[in-house]
>>> print(open('input_5.cif').read())   # mmCIF, C-alpha atoms and all ligand atoms
data_query
#
loop_
_atom_site.label_atom_id
_atom_site.label_comp_id
_atom_site.auth_asym_id
_atom_site.auth_seq_id
_atom_site.Cartn_x
_atom_site.Cartn_y
_atom_site.Cartn_z
CA MET V 1 10.17 11.99 1.35
CA LEU V 2 6.63 12.88 2.38
CA LEU V 3 4.68 16.03 1.69
CA PRO V 4 2.71 17.05 4.78
CA GLU V 5 -0.28 19.38 4.56
CA ASN V 6 1.86 22.54 4.76
CA GLY V 7 3.79 21.41 1.67
CA ASN V 8 7.24 21.22 3.35
CA GLN V 9 9.18 18.04 2.72
CA VAL V 10 9.92 15.82 5.68
CA ASP V 11 12.90 13.51 5.50
CA LEU V 12 11.87 10.24 7.14
CA GLY V 13 15.23 8.63 6.59
CA ILE V 14 13.76 6.19 4.09
CA ASN V 15 16.10 4.53 1.63
CA SER V 16 14.58 4.84 -1.79
CA GLU V 17 16.77 1.99 -3.05
CA SER V 18 17.40 -1.47 -1.67
CA HIS V 19 20.63 -1.60 0.35
CA ARG V 20 22.46 -3.79 2.86
CA GLY V 21 22.75 -2.71 6.49
CA LEU V 22 20.14 -2.34 9.19
CA ASP V 23 17.80 0.57 9.77
CA SER V 24 16.59 -0.84 13.05
CA GLN V 25 16.60 -4.01 15.11
CA VAL V 26 12.87 -4.48 14.66
CA ILE V 27 10.30 -3.42 12.08
CA VAL V 28 6.66 -3.59 13.15
CA ILE V 29 3.95 -3.46 10.47
CA GLY V 30 0.78 -1.74 11.68
CA ALA V 31 -0.01 0.85 14.35
CA GLY V 32 -3.23 -0.70 15.62
CA PRO V 33 -3.49 -2.03 19.19
CA ALA V 34 -1.15 -4.96 18.41
CA GLY V 35 1.61 -2.91 16.73
CA LEU V 36 1.44 -0.31 19.49
CA ALA V 37 1.55 -2.96 22.22
CA VAL V 38 4.68 -4.48 20.67
CA GLY V 39 6.17 -1.01 20.13
CA ALA V 40 5.64 -0.07 23.79
CA CYS V 41 7.21 -3.30 25.05
CA LEU V 42 10.25 -2.81 22.79
CA LYS V 43 10.55 0.82 23.88
CA GLN V 44 10.50 -0.19 27.56
CA ALA V 45 13.18 -2.80 26.82
CA ASP V 46 15.28 -0.19 24.97
CA ILE V 47 15.18 -2.17 21.71
CA PRO V 48 15.21 0.05 18.58
CA ALA V 49 12.09 -0.38 16.45
CA ILE V 50 10.31 1.34 13.57
CA ILE V 51 6.53 1.02 13.23
CA LEU V 52 5.21 1.35 9.68
CA GLU V 53 1.55 2.39 9.34
CA LYS V 54 -0.22 2.90 6.05
CA ASN V 55 -2.76 5.35 7.47
CA ASP V 56 -2.22 8.79 8.98
CA LYS V 57 -3.21 7.84 12.52
CA VAL V 58 -2.96 5.07 15.12
CA GLY V 59 -5.86 2.65 15.56
CA ALA V 60 -7.12 3.50 12.06
CA ALA V 61 -9.61 0.58 12.07
CA TRP V 62 -11.27 1.99 15.20
CA HIS V 63 -11.89 5.29 13.44
CA GLN V 64 -13.77 3.35 10.74
CA HIS V 65 -15.90 1.12 12.98
CA TYR V 66 -19.60 1.91 13.51
CA ASP V 67 -20.53 4.65 15.99
CA ARG V 68 -22.40 2.46 18.50
CA LEU V 69 -19.49 0.09 19.07
CA HIS V 70 -18.42 -0.63 22.65
CA LEU V 71 -15.85 -3.25 23.57
CA HIS V 72 -17.51 -6.58 24.27
CA THR V 73 -14.64 -7.38 26.63
CA ASP V 74 -14.36 -5.59 29.98
CA LYS V 75 -11.74 -2.91 30.39
CA ARG V 76 -9.56 -4.87 32.85
CA ASN V 77 -9.12 -7.59 30.22
CA SER V 78 -8.68 -5.18 27.30
CA GLN V 79 -5.85 -2.85 28.26
CA LEU V 80 -2.52 -2.80 26.43
CA PRO V 81 0.81 -3.31 28.26
CA PHE V 82 1.84 -0.82 30.96
CA LEU V 83 -1.17 1.53 30.69
CA PRO V 84 -4.51 0.83 32.39
CA PHE V 85 -7.64 2.57 31.10
CA PRO V 86 -8.60 5.73 33.03
CA ASN V 87 -10.58 5.07 36.23
CA ASP V 88 -13.59 7.03 35.02
CA TYR V 89 -14.02 4.82 31.91
CA PRO V 90 -16.99 2.43 32.18
CA ARG V 91 -16.54 -1.33 32.34
CA TYR V 92 -17.28 -1.66 28.59
CA ILE V 93 -15.60 1.26 26.94
CA SER V 94 -16.85 3.02 23.81
CA ARG V 95 -15.14 3.20 20.43
CA SER V 96 -14.25 6.89 20.96
CA GLN V 97 -12.84 6.20 24.43
CA PHE V 98 -10.70 3.43 22.97
CA ILE V 99 -9.41 5.85 20.31
CA GLU V 100 -8.54 8.41 23.04
CA TYR V 101 -6.75 5.68 24.97
CA LEU V 102 -4.63 4.78 21.91
CA LYS V 103 -3.72 8.45 21.49
CA SER V 104 -2.59 8.66 25.13
CA TYR V 105 -0.68 5.41 24.58
CA ILE V 106 1.55 6.91 21.88
CA GLU V 107 2.02 10.08 23.92
CA LYS V 108 3.25 8.01 26.84
CA PHE V 109 5.62 5.75 24.93
CA GLN V 110 6.86 8.08 22.17
CA MET V 111 7.43 5.27 19.66
CA ASN V 112 9.08 5.70 16.28
CA ILE V 113 5.96 5.49 14.06
CA ARG V 114 6.19 6.27 10.35
CA PHE V 115 2.74 7.12 9.02
CA HIS V 116 1.68 6.93 5.35
CA GLN V 117 3.98 3.96 4.87
CA GLU V 118 2.10 1.11 3.24
CA VAL V 119 4.11 -2.10 3.23
CA ILE V 120 3.90 -3.61 -0.23
CA SER V 121 6.44 -6.37 0.28
CA ALA V 122 8.37 -8.00 3.09
CA ARG V 123 10.97 -10.66 2.42
CA TYR V 124 13.82 -12.40 4.18
CA ASP V 125 17.11 -12.10 2.40
CA GLU V 126 20.67 -12.72 3.57
CA GLU V 127 19.78 -12.89 7.26
CA GLN V 128 17.74 -9.71 7.37
CA TRP V 129 14.19 -8.60 6.61
CA GLU V 130 13.72 -6.22 3.75
CA VAL V 131 10.46 -4.31 3.94
CA GLN V 132 9.34 -2.16 1.04
CA THR V 133 6.81 0.65 1.26
CA GLN V 134 5.67 2.93 -1.55
CA ASP V 135 8.53 5.30 -0.59
CA GLY V 136 11.47 2.97 -0.11
CA PHE V 137 13.13 0.16 1.83
CA TYR V 138 13.69 -0.65 5.49
CA HIS V 139 15.92 -3.41 6.89
CA ALA V 140 15.89 -5.15 10.27
CA THR V 141 16.79 -8.48 11.85
CA ASN V 142 13.27 -8.95 13.22
CA LEU V 143 9.89 -8.35 11.63
CA VAL V 144 6.65 -8.21 13.63
CA ILE V 145 3.52 -8.30 11.50
CA ALA V 146 0.63 -6.65 13.34
CA ALA V 147 -1.45 -5.69 10.29
CA GLY V 148 -4.74 -6.93 11.77
CA CYS V 149 -7.02 -9.92 11.44
CA THR V 150 -9.59 -7.66 9.80
CA HIS V 151 -7.37 -6.67 6.89
CA GLU V 152 -9.76 -7.48 4.02
CA PRO V 153 -13.57 -7.50 4.34
CA PHE V 154 -14.99 -10.86 3.27
CA ARG V 155 -17.88 -10.32 0.84
CA PRO V 156 -19.57 -13.54 -0.24
CA ALA V 157 -21.38 -13.43 -3.59
CA TRP V 158 -24.76 -14.97 -4.39
CA PRO V 159 -26.54 -15.73 -7.68
CA GLY V 160 -28.65 -12.82 -8.87
CA GLN V 161 -26.81 -10.24 -6.77
CA ASP V 162 -26.11 -8.03 -9.80
CA SER V 163 -29.82 -7.69 -10.53
CA TYR V 164 -30.66 -6.57 -6.94
CA ASN V 165 -31.94 -2.97 -6.88
CA GLY V 166 -31.25 -2.30 -3.18
CA THR V 167 -28.07 -1.33 -1.35
CA VAL V 168 -25.47 -3.92 -0.34
CA ILE V 169 -22.68 -2.84 2.02
CA HIS V 170 -20.16 -4.65 4.20
CA ALA V 171 -20.29 -4.08 7.98
CA SER V 172 -16.93 -2.29 7.69
CA GLN V 173 -18.77 0.47 5.72
CA TYR V 174 -21.63 0.79 8.21
CA LYS V 175 -21.50 3.89 10.46
CA ASN V 176 -25.00 4.07 11.99
CA GLY V 177 -28.67 3.29 11.32
CA GLU V 178 -29.67 6.84 10.34
CA PRO V 179 -29.80 6.22 6.54
CA PHE V 180 -31.90 3.08 7.12
CA LYS V 181 -34.72 4.64 9.16
CA GLY V 182 -38.05 3.10 8.08
CA LYS V 183 -36.29 0.71 5.67
CA LYS V 184 -36.39 -3.08 5.54
CA VAL V 185 -32.84 -4.19 6.23
CA LEU V 186 -31.29 -7.66 6.22
CA VAL V 187 -28.13 -8.19 8.26
CA VAL V 188 -26.20 -11.23 7.04
CA GLY V 189 -24.21 -13.00 9.76
CA PHE V 190 -24.66 -13.66 13.46
CA GLY V 191 -21.28 -12.57 14.80
CA ASN V 192 -20.72 -9.73 17.23
CA SER V 193 -20.77 -7.01 14.56
CA GLY V 194 -23.97 -8.43 13.01
CA GLY V 195 -25.63 -8.67 16.43
CA GLU V 196 -24.80 -5.10 17.41
CA ILE V 197 -25.62 -3.62 13.98
CA ALA V 198 -29.06 -5.28 14.20
CA ILE V 199 -29.63 -3.48 17.54
CA ASP V 200 -28.41 -0.17 16.11
CA LEU V 201 -30.69 -0.46 13.08
CA TRP V 202 -33.69 -1.21 15.28
CA GLU V 203 -32.84 1.75 17.54
CA HIS V 204 -32.82 3.93 14.40
CA GLY V 205 -36.28 2.76 13.34
CA ALA V 206 -35.41 0.19 10.66
CA GLN V 207 -37.30 -3.09 10.21
CA VAL V 208 -34.52 -5.56 10.89
CA SER V 209 -33.97 -9.19 9.87
CA LEU V 210 -31.00 -11.47 10.34
CA ALA V 211 -29.84 -14.15 7.88
CA VAL V 212 -28.22 -16.92 9.93
CA ARG V 213 -26.79 -19.70 7.78
CA ASN V 214 -25.08 -21.89 10.36
CA ALA V 215 -25.84 -23.32 13.77
CA VAL V 216 -24.68 -20.94 16.50
CA ASN V 217 -23.75 -20.46 20.14
CA VAL V 218 -24.88 -17.46 22.15
CA ILE V 219 -23.28 -16.32 25.41
CA PRO V 220 -24.24 -13.37 27.64
CA ARG V 221 -21.77 -10.50 28.10
CA GLU V 222 -21.95 -11.07 31.86
CA LEU V 223 -22.83 -14.05 33.99
CA PHE V 224 -24.34 -13.02 37.35
CA GLY V 225 -22.53 -9.67 37.11
CA ILE V 226 -19.17 -11.20 36.19
CA PRO V 227 -17.76 -10.34 32.71
CA ILE V 228 -17.96 -13.41 30.48
CA MET V 229 -14.26 -12.98 29.60
CA SER V 230 -13.34 -13.47 33.27
CA VAL V 231 -15.49 -16.61 33.32
CA GLY V 232 -13.78 -17.72 30.08
CA LEU V 233 -10.40 -17.10 31.70
CA LEU V 234 -11.27 -19.43 34.58
CA LEU V 235 -12.72 -22.09 32.28
CA SER V 236 -9.80 -21.87 29.82
CA LYS V 237 -7.72 -23.83 32.34
CA LEU V 238 -9.90 -26.87 31.52
CA PRO V 239 -10.12 -28.79 28.22
CA PRO V 240 -12.74 -26.91 26.11
CA ASN V 241 -15.23 -29.82 25.96
CA ILE V 242 -15.19 -30.23 29.75
CA ALA V 243 -15.50 -26.47 30.29
CA ASP V 244 -18.48 -26.47 27.92
CA THR V 245 -20.13 -29.38 29.73
CA ILE V 246 -19.82 -27.53 33.04
CA SER V 247 -21.15 -24.21 31.70
CA ALA V 248 -23.94 -25.62 29.47
CA PRO V 249 -26.71 -25.87 32.14
CA ILE V 250 -25.99 -22.33 33.37
CA LEU V 251 -26.03 -20.91 29.84
CA ARG V 252 -29.31 -22.72 29.15
CA ILE V 253 -30.90 -21.06 32.19
CA VAL V 254 -29.57 -17.60 31.26
CA GLN V 255 -30.24 -17.74 27.49
CA GLY V 256 -33.25 -20.01 27.35
CA ASP V 257 -33.84 -22.23 24.34
CA ILE V 258 -32.53 -20.29 21.33
CA THR V 259 -34.01 -22.85 18.90
CA LYS V 260 -37.47 -21.44 19.68
CA TYR V 261 -36.56 -18.31 17.73
CA GLY V 262 -35.44 -19.78 14.43
CA LEU V 263 -31.81 -20.32 15.43
CA ARG V 264 -30.07 -23.67 15.32
CA LYS V 265 -27.84 -24.52 18.30
CA LEU V 266 -24.32 -25.68 17.48
CA SER V 267 -23.74 -29.26 18.60
CA TYR V 268 -20.68 -28.22 20.62
CA GLY V 269 -20.27 -25.40 23.14
CA PRO V 270 -18.76 -21.90 22.86
CA LEU V 271 -15.27 -22.75 24.16
CA THR V 272 -14.93 -25.71 21.80
CA GLN V 273 -16.17 -23.41 19.02
CA ILE V 274 -13.44 -20.84 19.72
CA HIS V 275 -10.80 -23.55 20.11
CA ARG V 276 -11.82 -25.58 17.05
CA ASP V 277 -13.29 -23.05 14.62
CA ARG V 278 -11.39 -19.94 15.77
CA HIS V 279 -14.74 -18.19 15.86
CA ILE V 280 -16.12 -16.10 18.73
CA PRO V 281 -19.81 -16.89 19.46
CA LEU V 282 -22.34 -14.09 19.73
CA ILE V 283 -21.70 -12.22 22.98
CA ASP V 284 -25.23 -11.04 23.50
CA ILE V 285 -25.71 -7.38 24.39
CA GLY V 286 -29.43 -7.26 23.58
CA THR V 287 -29.87 -8.92 20.17
CA MET V 288 -31.57 -11.98 21.68
CA ASN V 289 -34.14 -9.82 23.48
CA LEU V 290 -35.04 -8.10 20.22
CA ILE V 291 -35.42 -11.51 18.55
CA LYS V 292 -37.48 -12.89 21.44
CA ASN V 293 -39.75 -9.83 21.38
CA GLY V 294 -40.30 -10.11 17.62
CA HIS V 295 -38.42 -6.87 16.78
CA VAL V 296 -35.79 -8.74 14.76
CA THR V 297 -36.76 -11.65 12.51
CA VAL V 298 -34.40 -14.57 11.96
CA TYR V 299 -34.17 -16.23 8.51
CA GLU V 300 -32.00 -18.99 7.11
CA GLY V 301 -28.98 -18.34 4.91
CA ILE V 302 -29.41 -16.61 1.55
CA LYS V 303 -29.88 -18.82 -1.52
CA GLU V 304 -30.07 -16.06 -4.11
CA PHE V 305 -30.86 -12.40 -4.70
CA ILE V 306 -33.86 -11.21 -6.69
CA GLN V 307 -34.55 -7.68 -7.93
CA ASP V 308 -36.18 -6.42 -4.73
CA GLY V 309 -34.93 -8.82 -2.07
CA VAL V 310 -33.65 -12.30 -1.47
CA ILE V 311 -34.75 -15.94 -1.50
CA PHE V 312 -33.58 -17.86 1.56
CA ASN V 313 -32.42 -21.49 1.66
CA ASP V 314 -35.87 -22.63 2.81
CA ALA V 315 -37.39 -20.93 -0.33
CA LYS V 316 -38.91 -17.98 1.60
CA GLN V 317 -38.88 -14.89 -0.60
CA VAL V 318 -38.63 -11.53 1.23
CA GLN V 319 -38.31 -7.92 0.06
CA PHE V 320 -35.43 -5.82 1.49
CA ASP V 321 -34.28 -2.25 0.79
CA ALA V 322 -30.74 -2.93 1.97
CA VAL V 323 -28.45 -5.81 2.89
CA ILE V 324 -25.56 -5.44 5.32
CA LEU V 325 -22.86 -8.10 5.12
CA ALA V 326 -21.55 -8.78 8.63
CA THR V 327 -19.63 -11.66 7.13
CA GLY V 328 -16.19 -11.14 8.60
CA TYR V 329 -12.72 -10.54 7.25
CA HIS V 330 -9.61 -12.25 5.90
CA PRO V 331 -6.21 -11.33 7.35
CA ARG V 332 -4.36 -11.76 4.00
CA VAL V 333 -0.79 -11.31 5.25
CA ASN V 334 0.20 -13.05 2.00
CA THR V 335 -0.59 -9.84 0.07
CA PHE V 336 2.76 -8.41 1.13
CA LEU V 337 4.70 -11.24 2.81
CA THR V 338 6.61 -12.72 -0.10
CA GLY V 339 8.82 -15.78 -0.21
CA ALA V 340 7.19 -17.15 2.96
CA SER V 341 5.71 -20.59 2.64
CA ALA V 342 2.70 -22.47 3.94
CA THR V 343 4.75 -22.98 7.09
CA VAL V 344 3.70 -19.52 8.31
CA TYR V 345 0.19 -18.86 6.95
CA ASN V 346 -2.80 -20.71 5.46
CA GLU V 347 -4.67 -20.23 2.17
CA ASN V 348 -6.57 -17.18 3.53
CA GLY V 349 -3.32 -15.54 4.55
CA MET V 350 -4.08 -16.32 8.20
CA PRO V 351 -0.89 -16.80 10.23
CA LEU V 352 -0.49 -20.28 11.70
CA SER V 353 0.91 -18.89 14.95
CA SER V 354 0.69 -15.62 16.82
CA GLY V 355 2.93 -14.30 19.57
CA TYR V 356 5.83 -16.66 18.91
CA GLU V 357 8.78 -16.66 16.52
CA THR V 358 7.68 -18.47 13.36
CA ARG V 359 9.67 -20.97 11.36
CA MET V 360 11.15 -18.04 9.47
CA PRO V 361 14.00 -16.43 11.43
CA GLY V 362 13.05 -13.23 13.23
CA LEU V 363 9.45 -13.29 11.96
CA TYR V 364 6.61 -12.80 14.44
CA PHE V 365 2.87 -12.21 14.11
CA CYS V 366 0.92 -10.35 16.79
CA GLY V 367 -2.87 -10.15 17.10
CA TYR V 368 -3.89 -13.19 15.07
CA TYR V 369 -4.97 -15.58 17.83
CA VAL V 370 -8.74 -15.73 18.34
CA ALA V 371 -8.74 -16.40 22.09
CA PRO V 372 -11.66 -17.30 24.39
CA THR V 373 -10.34 -14.61 26.69
CA GLY V 374 -10.53 -11.75 24.14
CA MET V 375 -8.12 -10.63 21.44
CA LEU V 376 -6.97 -7.45 23.18
CA ARG V 377 -5.94 -9.38 26.27
CA GLU V 378 -4.17 -11.84 24.02
CA ILE V 379 -2.40 -8.99 22.19
CA ARG V 380 -1.07 -7.73 25.54
CA LEU V 381 0.37 -11.16 26.36
CA GLU V 382 1.74 -11.76 22.86
CA ALA V 383 3.46 -8.35 22.72
CA LYS V 384 5.31 -9.04 25.95
CA ARG V 385 6.31 -12.51 24.77
CA ILE V 386 7.57 -11.25 21.41
CA CYS V 387 9.62 -8.55 23.09
CA ALA V 388 11.14 -11.07 25.52
CA SER V 389 12.04 -13.34 22.60
CA ILE V 390 13.75 -10.52 20.69
CA ALA V 391 15.50 -9.27 23.84
CA GLY V 392 16.70 -12.83 24.54
CA LYS V 393 18.40 -12.99 21.15
CA ARG V 394 20.10 -9.68 21.76
CA THR V 395 21.90 -10.95 24.83
CA LEU V 396 23.25 -14.07 23.06
C1 LIG V 401 -15.92 -4.38 15.24
C2 LIG V 401 -14.86 -5.05 16.09
C3 LIG V 401 -14.99 -5.05 17.48
C4 LIG V 401 -14.03 -5.68 18.28
N1 LIG V 401 -14.20 -5.68 19.64
C5 LIG V 401 -13.29 -6.32 20.42
C6 LIG V 401 -13.48 -6.37 21.84
O1 LIG V 401 -14.45 -5.89 22.37
N2 LIG V 401 -12.51 -7.00 22.59
C7 LIG V 401 -11.42 -7.59 22.02
O2 LIG V 401 -10.59 -8.14 22.74
N3 LIG V 401 -11.23 -7.57 20.68
C8 LIG V 401 -12.14 -6.95 19.87
N4 LIG V 401 -11.96 -6.94 18.50
C9 LIG V 401 -10.83 -7.70 17.92
C10 LIG V 401 -9.46 -6.97 17.97
O3 LIG V 401 -9.12 -6.64 19.29
C11 LIG V 401 -9.43 -5.71 17.11
O4 LIG V 401 -9.67 -6.06 15.77
C12 LIG V 401 -8.09 -4.95 17.23
O5 LIG V 401 -8.18 -3.72 16.53
C13 LIG V 401 -6.93 -5.76 16.68
O6 LIG V 401 -5.77 -4.96 16.68
P1 LIG V 401 -4.64 -5.13 15.57
O7 LIG V 401 -3.62 -4.11 15.86
O8 LIG V 401 -4.26 -6.56 15.52
O9 LIG V 401 -5.38 -4.84 14.19
P2 LIG V 401 -5.95 -3.47 13.59
O10 LIG V 401 -6.65 -2.68 14.62
O11 LIG V 401 -6.70 -3.87 12.37
O12 LIG V 401 -4.64 -2.65 13.16
C14 LIG V 401 -3.82 -3.05 12.09
C15 LIG V 401 -3.09 -1.82 11.55
O13 LIG V 401 -2.19 -2.24 10.54
C16 LIG V 401 -2.24 -1.31 9.48
N5 LIG V 401 -1.82 -2.00 8.26
C17 LIG V 401 -2.44 -3.06 7.66
N6 LIG V 401 -1.77 -3.43 6.56
C18 LIG V 401 -0.70 -2.61 6.46
C19 LIG V 401 0.38 -2.50 5.51
N7 LIG V 401 0.48 -3.32 4.45
N8 LIG V 401 1.31 -1.53 5.71
C20 LIG V 401 1.23 -0.70 6.78
N9 LIG V 401 0.23 -0.74 7.69
C21 LIG V 401 -0.72 -1.69 7.53
C22 LIG V 401 -3.69 -0.87 9.46
O14 LIG V 401 -3.84 0.39 8.80
C23 LIG V 401 -4.03 -0.81 10.94
O15 LIG V 401 -3.79 0.46 11.49
C24 LIG V 401 -12.90 -6.30 17.69
C25 LIG V 401 -12.78 -6.29 16.29
C26 LIG V 401 -13.75 -5.67 15.51
C27 LIG V 401 -13.58 -5.70 13.99
#
>>> encode(input="input_5.cif", output="structure tokens", more="lines below")
Ligand SMILES: Cc1cc2nc3c(=O)[nH]c(=O)nc-3n(C[C@H](O)[C@H](O)[C@H](O)COP(=O)(O)OP(=O)(O)OC[C@H]3O[C@@H](n4cnc5c(N)ncnc54)[C@H](O)[C@@H]3O)c2cc1C
Amino acid sequence: MLLPENGNQVDLGINSESHRGLDSQVIVIGAGPAGLAVGACLKQADIPAIILEKNDKVGAAWHQHYDRLHLHTDKRNSQLPFLPFPNDYPRYISRSQFIEYLKSYIEKFQMNIRFHQEVISARYDEEQWEVQTQDGFYHATNLVIAAGCTHEPFRPAWPGQDSYNGTVIHASQYKNGEPFKGKKVLVVGFGNSGGEIAIDLWEHGAQVSLAVRNAVNVIPRELFGIPIMSVGLLLSKLPPNIADTISAPILRIVQGDITKYGLRKLSYGPLTQIHRDRHIPLIDIGTMNLIKNGHVTVYEGIKEFIQDGVIFNDAKQVQFDAVILATGYHPRVNTFLTGASATVYNENGMPLSSGYETRMPGLYFCGYYVAPTGMLREIRLEAKRICASIAGKRTL
């Protein structure tokens, strides 16, 4: 039972005790873009499914993200199954437009979403999946985990951090640059969040620096007016090293020599990086211009914290009022998926496959493949594939 704001009890049909017998053919964990995409495909195929979401709304992560955020992927390559973005949306849609789109998505498909249901364990037992939330148990033959790659913020720790007098926050806690106006701020990490947060801070009048520990690749958001994801889509037909060899001279002309600005260039290209490291390079939406014009200073990785700042790996000592960790996330599906072995996820709880049935019967992950063509596009494809796989079993 749940108590909504008006105090009346709502019976969600949850079994407060473990039982045999199915509640649905499919349970989907998470009502972010991936869970909703799977839910819509199942709904269209008339396959009963329950979506369990720990928050009180769909796309909860997008409500948390920083205000300035726009999709780095163009809208044609970012839509979920069966519903294009509205015509009047720009090519790179804003965070709030994406949230509106997700709302219209659930209105269109009327899926069976149970909010305030945090999955605390999921296990396979006697040919069915038993999923436990804080309120009770659900059973199904298929389980789709769509709990998000960005489940747990990754916060590295450095010597001396406890003695630092300034503010340290993770990028997931950053809303906008307003509180940092006039302050000296260090952004740690050169991914897409770090790059955009650096721009936002500068636009809000902060003095911005970036700590970049590793060698990097930088790609523009568009190449001669064509979205980089569409270029990536064309090149993804080739082996990554060949695609990188072809695109390298063009990228060099567009980006210039990034090593002139304190960055080290990765020895292999962006497509190999995505393929090998599962890491998206910086899709530049203006960070490089700020660096080139001296508005953002690049430093090496952090060696240690001191009371009023940090010491970098090259021994430079710099004062900062605040440090923002744009250091990524761990998926951690192993926090609730019990009894599953290393055959389905690695030591960081990162699924070993996404969009296909795993080695465990009826278990699927959706939204865990870092693709050169964008994760949202990949989610659309995976959701359709998962639904076809489940539908195929039904007809056996
Ligand atoms: C800042 C940022 C910008 C991005 N921009 C782009 C972009 O431009 N283009 C692109 O293609 N991709 C982008 N991505 C990557 C990806 O598309 C998004 O992360 C997207 O939200 C992934 O959808 P998801 O449903 O897999 O995960 P999420 O959006 O994280 O949704 C997972 C849902 O599962 C719920 N959940 C988690 N654990 C449980 C549990 N135990 N029980 C119940 N519910 C649970 C969460 O509350 C959440 O609602 C971006 C990611 C980030 C972080």
>>> residues_around(input="input_5.cif", residues="range 312-314 of chain V", least_positions_apart="6", cutoff="6 Å", atoms="only C-alpha atoms", output="CSV table (one decimal) with C-alpha atoms, in the coordinates of the input")
chain,number,residue,atom,x,y,z
V,300,GLU,CA,-32.0,-19.0,7.1
V,301,GLY,CA,-29.0,-18.3,4.9
V,302,ILE,CA,-29.4,-16.6,1.6
V,303,LYS,CA,-29.9,-18.8,-1.5
>>> closest_residue(input="input_5.cif", among="V:Gln319, V:Lys175, V:Cys366, V:Ser209", to="Phe305 in chain V", atoms="all atoms listed in the file")
V:Gln319
>>> atom_distance(input="input_5.cif", atom1="CA of Gly35 in chain V", atom2="CA of Leu352 in chain V")
18.2 Å
>>> residues_near_ligand(input="input_5.cif", ligand="ligand LIG 401 (chain V)", cutoff="8 Å", atoms="all atoms listed in the file", output="ChimeraX atom specification")
/V:29-36,52-55,57-62,65-66,69-74,77-78,116-121,133,146-151,172,192-193,335-336,366-368,373-379
>>> atom_distance(input="input_5.cif", atom1="CA of Leu201 in chain V", atom2="CA of Asn176 in chain V")
7.4 Å
>>> atom_distance(input="input_5.cif", atom1="CA of Asn165 in chain V", atom2="CA of Thr297 in chain V")
21.8 Å
>>> residues_near_point(input="input_5.cif", point="(-34.3, -8.4, 10.6)", cutoff="8 Å", atoms="all atoms listed in the file", output="list in words")
Lys184, Val185, Leu186, Val187, Ala198, Gln207, Val208, Ser209, Leu210, Ala211, His295, Val296, Thr297 and Val298 of chain V
>>> residues_around(input="input_5.cif", residues="Ser94 in chain V", least_positions_apart="2", cutoff="10 Å", atoms="only C-alpha atoms", output="compact mmCIF listing (two decimals) with C-alpha atoms, in the coordinates of the input")
# COMPACT_ATOMS: atom_id res chain seq x y z
CA ASP V 67 -20.53 4.65 15.99
CA ARG V 68 -22.40 2.46 18.50
CA LEU V 69 -19.49 0.09 19.07
CA HIS V 70 -18.42 -0.63 22.65
CA LEU V 71 -15.85 -3.25 23.57
CA HIS V 72 -17.51 -6.58 24.27
CA TYR V 89 -14.02 4.82 31.91
CA PRO V 90 -16.99 2.43 32.18
CA ARG V 91 -16.54 -1.33 32.34
CA TYR V 92 -17.28 -1.66 28.59
CA SER V 96 -14.25 6.89 20.96
CA GLN V 97 -12.84 6.20 24.43
CA PHE V 98 -10.70 3.43 22.97
CA ILE V 99 -9.41 5.85 20.31
CA GLU V 100 -8.54 8.41 23.04
>>> closest_residue(input="input_5.cif", among="V:Ile306, V:Leu363, V:Leu282, V:Ile27", to="Ser163 in chain V", atoms="all atoms listed in the file")
V:Ile306
>>> closest_residue(input="input_5.cif", among="V:Val310, V:Leu223, V:Leu271, V:Leu337", to="Ile250 in chain V", atoms="only C-alpha atoms")
V:Leu223
>>> closest_residue(input="input_5.cif", among="V:Pro372, V:Asp88, V:Gln25, V:Ile47", to="Ser230 in chain V", atoms="only C-alpha atoms")
V:Pro372
>>> residues_near_point(input="input_5.cif", point="(13.6, -2.0, 23.3)", cutoff="10 Å", atoms="all atoms listed in the file", output="list in words")
Gln25, Val26, Val38, Gly39, Ala40, Cys41, Leu42, Lys43, Gln44, Ala45, Asp46, Ile47, Pro48, Ala49, Cys387, Ala388, Ile390 and Ala391 of chain V
>>> write_last_selection(input="input_5.cif", atoms="C-alpha atoms", output="PDB file, in the frame of the given file")
ATOM      1  CA  GLN V  25      16.600  -4.010  15.110  1.00  0.00           C
ATOM      2  CA  VAL V  26      12.870  -4.480  14.660  1.00  0.00           C
ATOM      3  CA  VAL V  38       4.680  -4.480  20.670  1.00  0.00           C
ATOM      4  CA  GLY V  39       6.170  -1.010  20.130  1.00  0.00           C
ATOM      5  CA  ALA V  40       5.640  -0.070  23.790  1.00  0.00           C
ATOM      6  CA  CYS V  41       7.210  -3.300  25.050  1.00  0.00           C
ATOM      7  CA  LEU V  42      10.250  -2.810  22.790  1.00  0.00           C
ATOM      8  CA  LYS V  43      10.550   0.820  23.880  1.00  0.00           C
ATOM      9  CA  GLN V  44      10.500  -0.190  27.560  1.00  0.00           C
ATOM     10  CA  ALA V  45      13.180  -2.800  26.820  1.00  0.00           C
ATOM     11  CA  ASP V  46      15.280  -0.190  24.970  1.00  0.00           C
ATOM     12  CA  ILE V  47      15.180  -2.170  21.710  1.00  0.00           C
ATOM     13  CA  PRO V  48      15.210   0.050  18.580  1.00  0.00           C
ATOM     14  CA  ALA V  49      12.090  -0.380  16.450  1.00  0.00           C
ATOM     15  CA  CYS V 387       9.620  -8.550  23.090  1.00  0.00           C
ATOM     16  CA  ALA V 388      11.140 -11.070  25.520  1.00  0.00           C
ATOM     17  CA  ILE V 390      13.750 -10.520  20.690  1.00  0.00           C
ATOM     18  CA  ALA V 391      15.500  -9.270  23.840  1.00  0.00           C
TER      19      ALA V 391
END
